[in-house]
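File shown: start_24.cif. Contents: mmCIF, C-alpha atoms.
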data_model
#
loop_
_atom_site.label_atom_id
_atom_site.label_comp_id
_atom_site.auth_asym_id
_atom_site.auth_seq_id
_atom_site.Cartn_x
_atom_site.Cartn_y
_atom_site.Cartn_z
CA MET A 1 230.82 -174.14 -251.43
CA THR A 2 227.85 -175.86 -253.00
CA THR A 3 225.58 -174.23 -255.52
CA SER A 4 222.36 -176.09 -254.87
CA VAL A 5 220.40 -177.77 -252.13
CA PRO A 6 219.15 -181.34 -251.89
CA THR A 7 215.56 -182.14 -252.69
CA GLY A 8 213.09 -183.82 -250.37
CA ASP A 9 210.17 -186.18 -250.77
CA ALA A 10 207.43 -184.50 -252.71
CA VAL A 11 204.15 -183.54 -251.12
CA PRO A 12 201.21 -181.91 -252.89
CA SER A 13 201.91 -178.26 -253.48
CA SER A 14 199.35 -175.65 -252.60
CA SER A 15 199.77 -174.30 -256.10
CA ASP A 16 197.93 -177.40 -257.38
CA GLU A 17 194.78 -176.30 -255.59
CA GLY A 18 192.43 -173.40 -256.17
CA TRP A 19 192.44 -170.16 -254.20
CA LYS A 20 189.17 -171.16 -252.54
CA SER A 21 190.69 -174.37 -251.23
CA TYR A 22 193.84 -172.52 -250.14
CA LEU A 23 191.85 -170.02 -248.07
CA ALA A 24 189.51 -172.72 -246.73
CA ASP A 25 192.45 -174.82 -245.54
CA LEU A 26 193.89 -171.80 -243.74
CA TRP A 27 190.55 -171.01 -242.11
CA GLU A 28 190.07 -174.65 -241.05
CA ALA A 29 193.53 -175.02 -239.50
CA PRO A 30 193.54 -177.12 -236.31
CA PRO A 31 192.88 -175.34 -233.00
CA GLY A 32 196.51 -175.69 -231.97
CA ALA A 33 197.64 -173.92 -235.14
CA ARG A 34 195.17 -171.08 -234.67
CA ALA A 35 196.17 -170.65 -231.04
CA ALA A 36 199.87 -170.69 -231.93
CA LEU A 37 199.36 -168.13 -234.70
CA ALA A 38 197.42 -165.88 -232.32
CA GLY A 39 200.24 -166.25 -229.81
CA CYS A 40 202.82 -165.30 -232.42
CA LEU A 41 200.89 -162.15 -233.29
CA LEU A 42 200.62 -161.17 -229.61
CA LEU A 43 204.35 -161.68 -229.08
CA VAL A 44 205.07 -159.48 -232.08
CA LEU A 45 202.73 -156.76 -230.81
CA VAL A 46 204.79 -156.33 -227.62
CA SER A 47 208.16 -157.03 -229.27
CA PRO A 48 210.80 -154.34 -229.85
CA SER A 49 209.48 -154.11 -233.42
CA GLY A 50 205.88 -153.64 -232.33
CA LEU A 51 206.88 -151.00 -229.76
CA SER A 52 209.28 -149.16 -232.08
CA ALA A 53 206.99 -146.10 -232.28
CA MET A 54 207.81 -145.38 -228.64
CA THR A 55 211.38 -144.21 -229.29
CA THR A 56 210.22 -141.27 -231.44
CA PHE A 57 208.82 -139.64 -228.29
CA ILE A 58 211.15 -141.24 -225.73
CA VAL A 59 214.29 -139.56 -227.09
CA PRO A 60 213.08 -135.92 -226.75
CA SER A 61 211.67 -136.64 -223.30
CA PHE A 62 214.92 -138.28 -222.19
CA SER A 63 216.92 -135.36 -223.58
CA ASN A 64 214.80 -132.79 -221.77
CA ASP A 65 214.89 -134.77 -218.53
CA THR A 66 218.63 -135.47 -218.43
CA GLY A 67 220.13 -132.68 -220.53
CA ALA A 68 221.77 -135.26 -222.83
CA ALA A 69 222.11 -134.46 -226.52
CA LYS A 70 219.41 -135.90 -228.77
CA SER A 71 222.08 -137.66 -230.80
CA ALA A 72 223.14 -139.50 -227.64
CA GLY A 73 219.51 -140.45 -227.03
CA ILE A 74 219.17 -141.84 -230.56
CA LEU A 75 222.39 -143.81 -230.15
CA VAL A 76 221.30 -145.31 -226.81
CA PHE A 77 217.60 -145.95 -227.47
CA VAL A 78 217.66 -146.76 -231.20
CA SER A 79 221.01 -147.51 -232.84
CA LEU A 80 222.73 -149.71 -230.26
CA PRO A 81 219.70 -151.95 -229.49
CA LEU A 82 218.95 -152.29 -233.21
CA LEU A 83 222.54 -153.12 -234.14
CA ILE A 84 223.44 -155.40 -231.22
CA GLY A 85 220.11 -156.94 -230.19
CA PRO A 86 219.51 -159.05 -233.31
CA ILE A 87 223.01 -160.59 -233.13
CA VAL A 88 221.62 -163.08 -230.60
CA LEU A 89 219.03 -164.40 -233.08
CA PRO A 90 221.19 -167.17 -234.63
CA PHE A 91 221.99 -168.52 -231.16
CA ALA A 92 218.38 -168.18 -230.04
CA GLY A 93 217.34 -169.98 -233.21
CA HIS A 94 219.67 -172.84 -232.29
CA TRP A 95 218.00 -173.13 -228.89
CA VAL A 96 214.55 -173.06 -230.51
CA ASP A 97 215.57 -175.85 -232.91
CA ARG A 98 217.02 -177.93 -230.05
CA LEU A 99 214.67 -177.24 -227.15
CA GLY A 100 211.43 -176.08 -228.73
CA ALA A 101 209.83 -172.66 -229.12
CA ARG A 102 208.02 -172.55 -225.77
CA ARG A 103 211.12 -173.33 -223.70
CA VAL A 104 212.89 -170.36 -225.27
CA ALA A 105 209.91 -167.99 -225.30
CA ILE A 106 208.96 -168.28 -221.62
CA PRO A 107 212.24 -167.29 -219.91
CA SER A 108 212.96 -164.73 -222.63
CA ALA A 109 209.58 -163.06 -222.06
CA VAL A 110 210.18 -162.93 -218.29
CA LEU A 111 213.60 -161.30 -218.71
CA TYR A 112 212.29 -158.94 -221.42
CA ALA A 113 209.56 -157.64 -219.12
CA ALA A 114 211.87 -157.33 -216.11
CA LEU A 115 214.62 -155.50 -218.00
CA THR A 116 212.14 -153.12 -219.64
CA ALA A 117 210.78 -152.17 -216.21
CA LEU A 118 214.37 -151.70 -214.98
CA ILE A 119 215.23 -149.10 -217.67
CA PRO A 120 213.92 -146.02 -215.74
CA VAL A 121 216.07 -146.94 -212.74
CA CYS A 122 219.22 -146.57 -214.87
CA GLY A 123 218.36 -143.15 -216.27
CA SER A 124 221.13 -141.27 -214.46
CA SER A 125 223.89 -143.40 -216.01
CA ILE A 126 223.95 -143.45 -219.80
CA PRO A 127 226.43 -146.40 -220.03
CA LEU A 128 224.30 -148.51 -217.65
CA LEU A 129 221.15 -147.42 -219.46
CA ALA A 130 222.65 -148.52 -222.78
CA ILE A 131 223.51 -151.95 -221.37
CA VAL A 132 220.02 -152.50 -220.00
CA LEU A 133 218.38 -151.30 -223.23
CA ILE A 134 220.55 -153.67 -225.28
CA LEU A 135 219.75 -156.61 -222.98
CA ALA A 136 216.04 -155.77 -223.11
CA ALA A 137 216.24 -155.75 -226.92
CA VAL A 138 218.11 -159.06 -226.90
CA PHE A 139 215.46 -160.86 -224.85
CA GLY A 140 212.69 -159.02 -226.68
CA PHE A 141 213.94 -160.40 -230.01
CA MET A 142 214.44 -163.84 -228.45
CA SER A 143 210.86 -163.97 -227.18
CA SER A 144 209.41 -162.89 -230.51
CA LEU A 145 211.36 -163.06 -233.78
CA ALA A 146 213.45 -166.06 -232.72
CA VAL A 147 210.26 -168.00 -232.02
CA VAL A 148 207.39 -166.91 -234.24
CA PHE A 149 208.79 -167.84 -237.67
CA LYS A 150 209.57 -171.38 -236.54
CA VAL A 151 206.11 -171.80 -234.99
CA VAL A 152 204.38 -170.62 -238.15
CA SER A 153 206.56 -172.83 -240.36
CA THR A 154 205.78 -175.99 -238.41
CA TRP A 155 202.06 -175.37 -237.90
CA LEU A 156 201.24 -173.90 -241.34
CA PRO A 157 203.66 -175.44 -243.88
CA GLN A 158 201.34 -174.77 -246.84
CA HIS A 159 200.43 -171.28 -245.65
CA ARG A 160 203.69 -170.01 -244.23
CA GLY A 161 203.79 -167.11 -246.71
CA ILE A 162 200.56 -165.61 -245.45
CA GLY A 163 201.54 -166.54 -241.87
CA PHE A 164 204.77 -164.57 -242.16
CA ALA A 165 202.80 -161.73 -243.74
CA LEU A 166 200.45 -161.60 -240.75
CA ILE A 167 203.46 -161.33 -238.43
CA GLY A 168 204.74 -158.34 -240.41
CA ILE A 169 201.28 -156.77 -240.46
CA ALA A 170 201.01 -157.10 -236.68
CA SER A 171 204.27 -155.19 -236.28
CA SER A 172 203.27 -152.47 -238.77
CA VAL A 173 199.78 -152.00 -237.35
CA ALA A 174 201.12 -151.88 -233.80
CA ALA A 175 203.59 -149.15 -234.72
CA ALA A 176 200.90 -147.13 -236.48
CA VAL A 177 198.24 -147.47 -233.77
CA LEU A 178 200.56 -147.02 -230.79
CA SER A 179 202.29 -143.92 -232.10
CA PRO A 180 199.63 -141.44 -230.86
CA VAL A 181 199.20 -143.49 -227.69
CA PHE A 182 202.87 -143.15 -226.81
CA GLN A 183 202.80 -139.45 -227.62
CA TRP A 184 199.87 -139.03 -225.20
CA LEU A 185 201.61 -141.09 -222.50
CA ILE A 186 205.05 -139.51 -222.77
CA SER A 187 204.56 -135.87 -223.71
CA GLY A 188 200.79 -135.47 -223.76
CA SER A 189 198.18 -135.00 -221.08
CA ALA A 190 198.89 -138.38 -219.45
CA GLY A 191 202.19 -136.95 -218.27
CA LEU A 192 203.98 -140.22 -217.54
CA GLY A 193 207.22 -139.12 -219.19
CA TRP A 194 209.73 -141.60 -220.48
CA LYS A 195 210.32 -143.27 -217.12
CA GLY A 196 206.65 -143.84 -216.29
CA THR A 197 206.00 -145.10 -219.80
CA TYR A 198 208.74 -147.71 -219.56
CA LEU A 199 207.32 -148.93 -216.25
CA LEU A 200 203.88 -149.24 -217.85
CA VAL A 201 205.28 -150.99 -220.94
CA GLY A 202 207.20 -153.45 -218.74
CA ALA A 203 203.95 -154.35 -216.98
CA VAL A 204 202.12 -154.77 -220.30
CA ILE A 205 204.87 -157.04 -221.61
CA ALA A 206 204.62 -159.17 -218.48
CA LEU A 207 200.82 -159.39 -218.73
CA VAL A 208 200.81 -160.22 -222.46
CA ALA A 209 204.05 -161.98 -223.40
CA ILE A 210 204.45 -164.37 -220.45
CA PRO A 211 200.91 -165.90 -220.52
CA THR A 212 201.12 -166.04 -224.33
CA ALA A 213 204.39 -167.98 -224.22
CA VAL A 214 202.99 -170.35 -221.59
CA PHE A 215 199.52 -171.05 -222.97
CA LEU A 216 199.51 -170.31 -226.71
CA ILE A 217 202.96 -170.93 -228.18
CA SER A 218 203.45 -174.54 -229.26
CA GLU A 219 204.71 -176.71 -232.06
CA PRO A 220 202.80 -179.64 -233.58
CA VAL A 221 203.51 -183.10 -232.24
CA GLY A 222 204.65 -185.03 -235.27
CA PRO A 223 204.41 -188.73 -236.09
CA GLU A 224 206.97 -191.27 -234.91
CA PRO A 225 210.43 -189.73 -235.19
CA VAL A 226 212.61 -190.81 -238.08
CA GLY A 227 216.26 -191.15 -237.14
CA PRO A 228 217.77 -189.96 -233.86
CA PRO A 229 215.52 -187.54 -231.94
CA VAL A 230 216.51 -184.01 -231.03
CA THR A 231 216.81 -183.89 -227.27
CA GLY A 232 217.60 -181.41 -224.55
CA SER A 233 216.53 -180.73 -220.97
CA GLY A 234 213.89 -183.42 -220.94
CA VAL A 235 212.48 -182.47 -224.35
CA GLU A 236 212.15 -184.98 -227.18
CA LEU A 237 211.09 -183.48 -230.49
CA PRO A 238 210.59 -185.24 -233.81
CA ARG A 239 213.54 -184.86 -236.13
CA LEU A 240 212.55 -182.34 -238.81
CA PRO A 241 213.60 -182.53 -242.45
CA GLY A 242 216.19 -180.14 -243.73
CA ILE A 243 219.82 -179.19 -244.05
CA PRO A 244 222.12 -178.51 -241.06
CA LEU A 245 223.23 -174.95 -240.46
CA ARG A 246 226.89 -175.58 -241.28
CA LYS A 247 226.05 -177.00 -244.69
CA ALA A 248 223.36 -174.43 -245.48
CA VAL A 249 225.52 -171.35 -244.88
CA ARG A 250 228.14 -172.67 -247.32
CA THR A 251 225.68 -172.77 -250.21
CA ARG A 252 225.49 -170.01 -252.77
CA VAL A 253 221.73 -170.14 -252.38
CA TRP A 254 221.82 -168.97 -248.75
CA ILE A 255 224.50 -166.37 -249.48
CA SER A 256 222.44 -165.03 -252.39
CA ILE A 257 219.25 -164.89 -250.32
CA THR A 258 220.95 -163.09 -247.44
CA ALA A 259 222.82 -160.59 -249.61
CA SER A 260 219.76 -159.78 -251.74
CA LEU A 261 217.56 -159.19 -248.69
CA ALA A 262 220.18 -157.04 -246.96
CA PHE A 263 220.74 -154.87 -250.06
CA ALA A 264 217.06 -154.54 -250.94
CA ALA A 265 215.90 -153.75 -247.39
CA ALA A 266 218.43 -150.92 -247.09
CA GLY A 267 216.63 -148.85 -249.74
CA PRO A 268 213.23 -148.31 -248.09
CA MET A 269 214.73 -147.88 -244.62
CA THR A 270 217.20 -145.24 -245.82
CA VAL A 271 214.49 -143.23 -247.58
CA ARG A 272 212.23 -143.42 -244.52
CA GLN A 273 214.87 -142.21 -242.09
CA ASN A 274 216.13 -139.41 -244.35
CA ALA A 275 212.79 -138.54 -245.97
CA VAL A 276 212.42 -134.94 -244.81
CA ASP A 277 215.93 -133.82 -245.83
CA PHE A 278 216.08 -135.97 -248.96
CA PHE A 279 212.79 -134.78 -250.42
CA SER A 280 213.30 -131.17 -249.34
CA GLU A 281 216.20 -131.15 -251.83
CA ARG A 282 213.58 -132.00 -254.45
CA GLY A 283 211.09 -129.29 -253.55
CA PHE A 284 208.68 -131.09 -251.20
CA GLY A 285 207.44 -129.74 -247.91
CA GLU A 286 207.36 -131.67 -244.67
CA ALA A 287 203.57 -132.07 -244.71
CA THR A 288 203.64 -133.68 -248.16
CA VAL A 289 206.49 -135.96 -247.13
CA SER A 290 204.54 -137.01 -244.04
CA LEU A 291 201.55 -138.00 -246.18
CA SER A 292 203.81 -139.94 -248.53
CA LEU A 293 205.23 -141.86 -245.57
CA SER A 294 201.68 -142.79 -244.58
CA ALA A 295 201.20 -144.11 -248.10
CA LEU A 296 204.41 -146.14 -247.70
CA PHE A 297 203.17 -147.79 -244.49
CA ALA A 298 199.76 -148.51 -246.02
CA ALA A 299 201.38 -150.06 -249.09
CA SER A 300 203.56 -152.25 -246.85
CA VAL A 301 200.44 -153.94 -245.47
CA VAL A 302 199.25 -154.61 -249.02
CA GLY A 303 202.69 -155.94 -249.90
CA LEU A 304 202.65 -158.28 -246.93
CA LEU A 305 199.26 -159.75 -247.84
CA VAL A 306 199.79 -159.96 -251.59
CA GLY A 307 203.39 -161.13 -251.31
CA GLY A 308 202.54 -163.78 -248.74
CA MET A 309 199.72 -165.28 -250.80
CA ILE A 310 201.79 -165.21 -254.00
CA LEU A 311 204.67 -167.00 -252.28
CA ASP A 312 202.33 -169.70 -250.97
CA ARG A 313 200.99 -170.27 -254.48
CA THR A 314 204.17 -170.47 -256.51
CA ASP A 315 206.81 -173.06 -257.32
CA ARG A 316 209.01 -170.55 -259.17
CA PRO A 317 211.61 -168.56 -257.21
CA ARG A 318 211.73 -165.85 -259.88
CA VAL A 319 208.40 -164.55 -258.61
CA VAL A 320 210.45 -162.66 -255.99
CA VAL A 321 212.27 -160.67 -258.71
CA PRO A 322 209.54 -158.08 -259.36
CA MET A 323 209.05 -157.67 -255.59
CA LEU A 324 212.71 -156.71 -255.15
CA ALA A 325 212.86 -154.79 -258.44
CA ALA A 326 210.34 -152.31 -257.06
CA VAL A 327 213.12 -150.93 -254.81
CA PRO A 328 215.65 -149.67 -257.41
CA VAL A 329 212.79 -148.42 -259.61
CA ALA A 330 211.38 -146.43 -256.69
CA LEU A 331 214.81 -145.08 -255.73
CA LEU A 332 215.42 -143.81 -259.26
CA ILE A 333 211.98 -142.17 -259.38
CA ALA A 334 212.60 -140.53 -256.00
CA LEU A 335 216.06 -139.32 -257.01
CA LEU A 336 215.05 -137.89 -260.40
CA ASN A 337 211.69 -136.49 -259.33
CA HIS A 338 211.42 -132.77 -258.60
CA ASN A 339 208.14 -131.15 -257.49
CA SER A 340 205.85 -133.90 -258.85
CA THR A 341 203.65 -135.05 -255.99
CA PRO A 342 202.09 -137.97 -257.94
CA LEU A 343 205.56 -139.35 -258.70
CA LEU A 344 206.53 -138.92 -255.07
CA PHE A 345 203.59 -141.08 -254.01
CA VAL A 346 204.35 -143.65 -256.72
CA ALA A 347 207.90 -143.99 -255.40
CA MET A 348 206.80 -144.32 -251.79
CA ILE A 349 204.05 -146.82 -252.60
CA LEU A 350 206.57 -148.97 -254.50
CA LEU A 351 208.97 -148.81 -251.56
CA GLY A 352 206.17 -149.69 -249.15
CA PHE A 353 204.98 -152.64 -251.23
CA ALA A 354 208.54 -153.96 -251.46
CA THR A 355 209.05 -153.50 -247.72
CA GLY A 356 205.97 -155.58 -246.97
CA ALA A 357 206.78 -158.31 -249.47
CA GLU A 358 210.40 -158.56 -248.29
CA SER A 359 209.27 -159.20 -244.71
CA SER A 360 208.04 -162.67 -245.64
CA LEU A 361 210.62 -163.41 -248.36
CA GLY A 362 213.49 -164.39 -246.07
CA PRO A 363 211.74 -167.00 -243.90
CA PHE A 364 209.79 -168.32 -246.89
CA LEU A 365 212.88 -168.87 -249.07
CA ILE A 366 214.85 -170.41 -246.20
CA ALA A 367 212.05 -172.86 -245.43
CA ARG A 368 211.64 -173.81 -249.12
CA TYR A 369 215.33 -174.29 -249.87
CA PHE A 370 216.64 -175.64 -246.55
CA GLY A 371 213.71 -177.21 -244.71
CA LEU A 372 212.99 -176.96 -241.00
CA ALA A 373 215.86 -178.85 -239.35
CA SER A 374 217.85 -175.65 -238.75
CA PHE A 375 215.23 -173.15 -239.80
CA ALA A 376 215.23 -170.96 -236.67
CA GLN A 377 219.04 -170.70 -236.71
CA LEU A 378 219.18 -169.83 -240.41
CA GLN A 379 216.34 -167.35 -240.14
CA GLY A 380 217.94 -165.75 -237.09
CA LEU A 381 221.30 -165.41 -238.83
CA THR A 382 219.73 -164.00 -241.99
CA LEU A 383 217.60 -161.55 -240.02
CA ALA A 384 220.59 -160.42 -237.95
CA ILE A 385 222.60 -159.63 -241.09
CA SER A 386 219.66 -157.80 -242.68
CA THR A 387 219.09 -155.80 -239.51
CA LEU A 388 222.71 -154.65 -239.52
CA SER A 389 222.06 -153.31 -243.02
CA LEU A 390 218.89 -151.57 -241.79
CA GLY A 391 220.78 -149.95 -238.94
CA MET A 392 223.82 -148.79 -240.88
CA SER A 393 222.53 -147.72 -244.30
CA PRO A 394 220.52 -144.62 -243.19
CA PHE A 395 223.48 -143.38 -241.16
CA LEU A 396 226.00 -143.95 -243.96
CA VAL A 397 223.83 -142.23 -246.58
CA SER A 398 223.31 -139.27 -244.24
CA ALA A 399 227.05 -139.10 -243.51
CA VAL A 400 227.95 -139.06 -247.21
CA GLN A 401 225.32 -136.39 -247.84
CA SER A 402 226.85 -134.25 -245.10
CA ALA A 403 230.29 -134.64 -246.70
CA THR A 404 229.21 -134.01 -250.29
CA GLY A 405 226.23 -131.69 -249.78
CA SER A 406 223.94 -133.88 -251.88
CA TYR A 407 222.08 -137.19 -251.69
CA THR A 408 222.81 -138.00 -255.35
CA VAL A 409 225.97 -140.07 -254.89
CA PRO A 410 224.86 -142.16 -251.88
CA VAL A 411 221.40 -142.82 -253.33
CA LEU A 412 222.86 -143.84 -256.70
CA THR A 413 225.19 -146.20 -254.86
CA LEU A 414 222.27 -147.61 -252.92
CA THR A 415 220.30 -148.02 -256.16
CA ALA A 416 223.19 -150.01 -257.66
CA LEU A 417 223.26 -152.30 -254.62
CA THR A 418 219.52 -152.92 -254.86
CA MET A 419 219.97 -153.83 -258.52
CA VAL A 420 222.54 -156.40 -257.40
CA ALA A 421 219.85 -157.76 -255.08
CA VAL A 422 217.50 -158.20 -258.05
CA VAL A 423 220.18 -160.05 -260.03
CA LEU A 424 220.92 -162.37 -257.11
CA ALA A 425 217.21 -163.17 -256.82
CA ALA A 426 216.92 -163.78 -260.57
CA VAL A 427 219.61 -166.48 -260.57
CA LEU A 428 218.22 -168.47 -257.64
CA PRO A 429 217.84 -172.13 -258.63
CA LYS A 430 214.57 -173.98 -258.89
CA PHE A 431 212.90 -174.80 -255.58
CA PRO A 432 213.57 -178.33 -254.32
CA ALA A 433 210.54 -180.56 -253.89
CA PRO A 434 208.59 -179.54 -250.78
CA TRP A 435 210.01 -180.90 -247.56
CA THR A 436 207.71 -183.27 -245.71
CA ILE A 437 207.66 -184.20 -242.04
CA GLU A 438 205.69 -187.41 -242.62
CA LYS A 439 208.52 -189.23 -244.42
CA PHE A 440 211.93 -188.11 -245.44
CA PRO A 441 215.39 -189.52 -246.07
CA ASP A 442 218.63 -188.20 -244.68
CA GLN A 443 219.11 -185.01 -246.72
CA THR A 444 222.27 -183.74 -245.12
CA ALA A 445 224.64 -185.18 -247.71
CA GLU A 446 226.21 -182.95 -250.28
CA PRO A 447 224.36 -183.00 -253.61
CA ALA A 448 225.95 -184.84 -256.48
#
Could you show the structure in this file as structure tokens?
Amino acid sequence: MTTSVPTGDAVPSSSDEGWKSYLADLWEAPPGARAALAGCLLLVLVSPSGLSAMTTFIVPSFSNDTGAAKSAGILVFVSLPLLIGPIVLPFAGHWVDRLGARRVAIPSAVLYAALTALIPVCGSSIPLLAIVLILAAVFGFMSSLAVVFKVVSTWLPQHRGIGFALIGIASSVAAAVLSPVFQWLISGSAGLGWKGTYLLVGAVIALVAIPTAVFLISEPVGPEPVGPPVTGSGVELPRLPGIPLRKAVRTRVWISITASLAFAAAGPMTVRQNAVDFFSERGFGEATVSLSLSALFAASVVGLLVGGMILDRTDRPRVVVPMLAAVPVALLIALLNHNSTPLLFVAMILLGFATGAESSLGPFLIARYFGLASFAQLQGLTLAISTLSLGMSPFLVSAVQSATGSYTVPVLTLTALTMVAVVLAAVLPKFPAPWTIEKFPDQTAEPA
């Protein structure tokens, strides 16, 4: 196992320029970059992440319609797709690296739309429904998360932090805006129910995702390739600088990044999913908790913007430490606080800010340390591991609470794990020199 990563040829860092120049360069990006970024945002809007608000109202409707227990509905519509769907991301990332983003996005979007529209047909068979939901999630993640981070990294190398932030904002805003829409469609006056809503969503995915993948998603055409080209199915892409997947995953840097993100992300997700019960132990009513969750989501947007711009403007990896440190601080405040509404909001705002900042940390750190040669694969693998943590941690904390009668032990354990995340971030080595597509040596050899 290596402890460091090779360095690349140096290119001017955005930190050497003023904020005005940084923002002007982003605004004056080439038309292809602006179109690709717009395409990424549209894909995220109709991705499983962007449509996540739907399941809150789908599960009760499904339970009432079929007589199935709500726990079974949560397992089928939420837990299984969230746990199994992202596992495909490392493989999808490999295809993106080999074939190009558009060649992965187009068929994935077609299958995502078709499978989503097929979900209502399987409603009478829970096992079949689970399979179709998982497959829909798989192709939904392939058409969005497997593609968008690579596209942003290649088109906006000096602004990838803010680009990743915009992707996270699109997902957060979509969930917030669509929540009342889905309530109206499923259980409100629209009266579509869960089956009609899935048919409508499948049509929207087809109308948005497929044209977006065809006409907007692209990667820049680089200069003359250096070294052997990456080929596949008639595609010839320039060889990108960076470290191969097999070498990258053996480095302590990648292991530290992945572990720190998985531990840190578990904190905000666990509090969100257990908020009503957790804070009721501390004397807060449901209405107050609901308002604090709104503050969390609002703070996540701020965290995305601020975190993305800070990442673009720094050459020091330790800048991520305070972003991650907000999580254990917030967990301790939430655990020790009783009946103080201001402290409740402080804790939730800290968790929200950290949630937003963490959304762009993973792809940013992977691109800075390991380059773009295997970026989509590395990002997919890292995201899959983090998503497993997101799916399991709320359930495990709730299970321990049920066994012990208190959230104290599981939340203290979670706080300790998030502190480990901060330590892992603090010992990350100095960034290598920025990778450059214009000229680069073979950087796949082990460092001396």
Between atom CA of A:Cys122 and atom CA of A:Phe139 lies a distance of 17.8 Å
Enumerate, as a ChimeraX atom specification, the protein, DNA and RNA residues whose atoms approach (203.8, -151.6, -249.0) to within 9 Å, taking into account all atoms listed in the file and the coordinate frame of the file. /A:295-304,348-357
Q | A:Ala262, A:Ser360, A:Gln183, A:Ala92 ranked by distance to A:Leu166, top pick (using all atoms listed in the file) | A |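 Once distances to A:Leu166 are computed over all atoms listed in the file, the minimum belongs to A:Ser360.
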If you count all atoms listed in the file, the residue of A:Ile84, A:Leu378, A:Val110, A:Ala29 closest to A:Arg250 turns out to be A:Leu378
To verify the selection step, state as a list of chain:residue names which residues the PyMOL selection byres ((chain A and resi 305-322) around 6) yields on this input.
A:Ser14, A:Ser15, A:His159, A:Gly161, A:Ile162, A:Ala165, A:Val302, A:Gly303, A:Leu304, A:Met323, A:Leu324, A:Ala325, A:Ala357, A:Val422, A:Ala425, A:Ala426
note - atom CA of A:Glu281 and atom CA of A:Leu344 are separated by 12.8 Å
* Find the residue from A:Ile186, A:Gly67, A:Ala174, A:Ala213 that sits nearest to A:Pro107; use all atoms listed in the file when measuring. =>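 Using all atoms listed in the file, A:Pro107 sits closest to A:Ala213.
Between atom CA of A:Ala38 and atom CA of A:Phe215 the interatomic distance comes to 10.9 Å.
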Scan for residues within 9 Å of the point (202.2, -155.1, -228.3) in the coordinates of the file, using all atoms listed in the file, and reply as JSON, numbers by chain.
{"A": [41, 42, 43, 44, 45, 46, 47, 48, 49, 50, 51, 170, 171, 174, 175, 178, 201, 204, 205, 208, 209]}
Set up a box along x, y and z of the file covering all listed atoms of stretch 254-264 of chain A, add 4 Å on every one of the six sides, and write the centre and edge lengths in Å to one decimal, as AutoDock Vina command-line options.
--center_x 220.8 --center_y -161.8 --center_z -249.7 --size_x 15.4 --size_y 22.4 --size_z 13.4
